[in-house]
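Trainee: One structure, pasted below without further comment.
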Amino acid sequence: MNWIKAAEFPAAESLQGLNNYLTTHNVAHRFTEERGCQVLWLAHPADAVWVERYFNGDANVELATDKETIEQQRFAANNQARDQIGFADSLRIFPFTLATIVLGLCGYLYITYIWPTGLPDYFFMQPLNELRQTHQWWRLLTPAFLHFGVMHALFNCLWIWELGRRIEVFTGRKSTVVLFLISAIGANLVQYFSGGGSVQFGGLSGVVYAYLGYLLVWTRVSDHPLIKIPPGIFVFMLVWLALGYLGIIDLLFSTSLANGAHLGGLVAGILFAAAQYFFIVRRSRTGEP
């Protein structure tokens with residue numbers, strides 16, 4: 001975990017109240033002593049808003065409210081903190097999420113302007129028997145970046161931004177990359193087999209559903225404010241998945257959803273989160289560092 005230095009305090013100052021306040025709001029933090037000062041470190045940049053609220057005199061009010069109100073204020077405060085992060089800070093804090101979005105937009109440009117010219121294709125899925133012969137294994141991944149229309153690209157990229165940046169800060173960049181690779185490849189394979197071997201599909205929606213599944217698990221076992229999203233989002237996306245399988249979305253919008261990718265991504269995200277949680281719990285019980 002990359003700890004971020006948030007503030008320094010005189011060595012003689014009592015920080016018990018601040019410590020209790022941050023602990024109450026499930027803010028991952030620690031104190032160290034350096035050069036005669038007490039240093040506060042935070043695990044996540046967005047949590048700095050809680051330090052500000054404490055010293056602005058909001059502590060007593062916060063601690064006196066009911067649990068539901070605290071959850072609402074926690075979500076609003078962390079959204080406000082994220083909204084105040086500039087572009088340069090975003091590059092530093094969410095580089096993988098931003099890179100995913102850029103590649104998704106590049107995939108839209110490829111499908112719109114390059115693919116129709118008839119140049120050789122190197123990004124769509126290949127039938128598995130051909131893939132074994134060509135050894136172009138990157139094709140298992142690259143369909144995730146291909147988007148058929150500007151709304152398709154924007155819809156997926158906006159969800160990647162909203163969900164991906166939370167996960168990248170919450171679990172770390174390496175784990176996010178692993179989750180992305182597993183879910184993108186898994187979603188593509190499920191779509192390939194469920195689509196009868198068709199290879200002309202694409203989009204980041206499988207990863208979006210993987211991120212959704214990941215957060216669905218962790219919001220059940222963790223109170224960390226960074227991963228708390230309104231329950232209505234889960235309901236909307238799961239209903240959208242069900243309507244896609246029923247064929248209703250295809251009829252309403254004259255399109256063809258990659259339903260297999262959606263389901264494959266969702267299952268991959270749930271399994272990854274469950275395995276990660278199991279590993280963390282088992283390690284904490286055995287006392288491993």
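We name chains A, B, ... following the order of the structure tokens; residues begin at 1 in each chain, and ligands are numbered from 1 as shown.
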Quick one: residues within 12 Å of Ser222 of chain A, only C-alpha atoms counted, chain neighbours fewer than 3 positions away excluded, as a PyMOL selection string?
Mentor: chain A and resi 26-27+170+214-219+225-228+273+277+281
Trainee: Take the residues from that selection and write them out as a compact mmCIF listing (two decimals), in the first residue's frame, keeping N, CA, C and O atoms.
Mentor:
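Writing the result to result.txt gives the following:
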```
# COMPACT_ATOMS: atom_id res chain seq x y z
N ASN A 26 -14.02 4.81 9.18
CA ASN A 26 -13.35 3.75 8.41
C ASN A 26 -12.30 4.31 7.45
O ASN A 26 -12.15 3.83 6.32
N VAL A 27 -11.58 5.34 7.88
CA VAL A 27 -10.52 5.92 7.07
C VAL A 27 -9.21 5.22 7.41
O VAL A 27 -8.75 5.25 8.56
N PHE A 170 -8.67 1.67 -4.39
CA PHE A 170 -9.04 0.78 -3.29
C PHE A 170 -8.13 -0.43 -3.20
O PHE A 170 -7.62 -0.78 -2.13
N TYR A 214 -17.14 -6.93 -8.93
CA TYR A 214 -16.09 -6.77 -7.91
C TYR A 214 -16.60 -5.88 -6.77
O TYR A 214 -16.46 -6.23 -5.58
N LEU A 215 -17.20 -4.75 -7.12
CA LEU A 215 -17.71 -3.83 -6.09
C LEU A 215 -18.91 -4.42 -5.37
O LEU A 215 -19.11 -4.16 -4.18
N LEU A 216 -19.70 -5.22 -6.07
CA LEU A 216 -20.86 -5.85 -5.45
C LEU A 216 -20.44 -6.75 -4.29
O LEU A 216 -21.09 -6.77 -3.24
N VAL A 217 -19.33 -7.45 -4.45
CA VAL A 217 -18.82 -8.30 -3.37
C VAL A 217 -18.22 -7.47 -2.25
O VAL A 217 -18.56 -7.66 -1.07
N TRP A 218 -17.37 -6.53 -2.62
CA TRP A 218 -16.65 -5.78 -1.58
C TRP A 218 -17.54 -4.85 -0.78
O TRP A 218 -17.27 -4.59 0.40
N THR A 219 -18.61 -4.33 -1.38
CA THR A 219 -19.53 -3.50 -0.61
C THR A 219 -20.30 -4.31 0.42
O THR A 219 -20.84 -3.74 1.37
N PRO A 225 -15.51 3.80 2.50
CA PRO A 225 -16.35 4.75 1.76
C PRO A 225 -16.02 4.84 0.28
O PRO A 225 -16.88 5.21 -0.53
N LEU A 226 -14.80 4.50 -0.10
CA LEU A 226 -14.40 4.66 -1.50
C LEU A 226 -15.18 3.75 -2.43
O LEU A 226 -15.39 4.08 -3.60
N ILE A 227 -15.62 2.60 -1.95
CA ILE A 227 -16.31 1.64 -2.82
C ILE A 227 -17.82 1.64 -2.61
O ILE A 227 -18.51 0.80 -3.17
N LYS A 228 -18.32 2.55 -1.81
CA LYS A 228 -19.75 2.63 -1.59
C LYS A 228 -20.40 3.39 -2.73
O LYS A 228 -20.16 4.58 -2.93
N ALA A 273 -13.09 -10.92 -6.77
CA ALA A 273 -13.27 -10.26 -5.47
C ALA A 273 -13.38 -11.28 -4.35
O ALA A 273 -12.81 -11.10 -3.27
N TYR A 277 -10.80 -11.54 -1.29
CA TYR A 277 -11.26 -11.42 0.09
C TYR A 277 -10.88 -12.65 0.90
O TYR A 277 -10.42 -12.53 2.04
N VAL A 281 -8.55 -12.55 4.23
CA VAL A 281 -9.06 -13.05 5.52
C VAL A 281 -8.18 -14.19 6.03
O VAL A 281 -7.81 -14.23 7.21
```
Trainee: I'd like the neighbourhood of Val39 of chain A as a list in words, where a residue qualifies if any of its atoms comes within 9 Å (using only C-alpha atoms), though same-chain residues fewer than 5 positions away should be ignored.
Mentor: Lys5, Ala6, Ala7, Glu8, Phe9, Pro10, Arg30, Phe31, Thr32, Glu33 and Glu34 of chain A
Trainee: As number ranges by chain, please: every residue in segment 54-263 of chain A that DSSP puts in helix (DSSP H, G or I).
Mentor: A: 54-64, 67-83, 87-93, 95-117, 128-134, 137-140, 142-145, 150-171, 173-194, 205-221, 225-227, 231-246, 248-253, 259-263
Trainee: Using only C-alpha atoms, which of the listed residues (A:Thr97, A:Ser205, A:Gln38, A:Gln200) sits closest to Phe155 of chain A?
Mentor: A:Ser205
Trainee: Find the residues near Ala48 of chain A: any atom within 10 Å, counting only C-alpha atoms, skip ones fewer than 2 places away on the same chain, and give them as an mmCIF file with C-alpha atoms, in the first residue's frame.
Mentor:
```
data_model
loop_
_atom_site.group_PDB
_atom_site.id
_atom_site.type_symbol
_atom_site.label_atom_id
_atom_site.label_comp_id
_atom_site.auth_asym_id
_atom_site.auth_seq_id
_atom_site.Cartn_x
_atom_site.Cartn_y
_atom_site.Cartn_z
ATOM 1 C CA ILE A 4 0.269 9.450 1.382
ATOM 2 C CA LYS A 5 1.527 12.097 3.787
ATOM 3 C CA ALA A 6 -1.478 14.223 4.819
ATOM 4 C CA ALA A 7 -0.346 16.486 7.694
ATOM 5 C CA VAL A 27 -10.522 5.923 7.072
ATOM 6 C CA TRP A 41 -0.493 9.173 6.654
ATOM 7 C CA LEU A 42 -3.557 8.207 4.591
ATOM 8 C CA ALA A 43 -4.003 5.167 2.398
ATOM 9 C CA HIS A 44 -6.231 6.982 -0.105
ATOM 10 C CA PRO A 45 -5.991 10.633 -1.287
ATOM 11 C CA ALA A 46 -9.769 11.139 -1.268
ATOM 12 C CA TRP A 50 -12.228 13.772 6.490
ATOM 13 C CA VAL A 51 -9.199 15.474 8.041
ATOM 14 C CA GLU A 52 -10.462 18.814 6.767
ATOM 15 C CA ARG A 53 -13.948 18.174 8.114
ATOM 16 C CA ALA A 77 -17.607 13.846 0.960
ATOM 17 C CA ASN A 78 -15.588 11.350 -1.032
ATOM 18 C CA ALA A 81 -12.823 15.034 -2.859
#
```
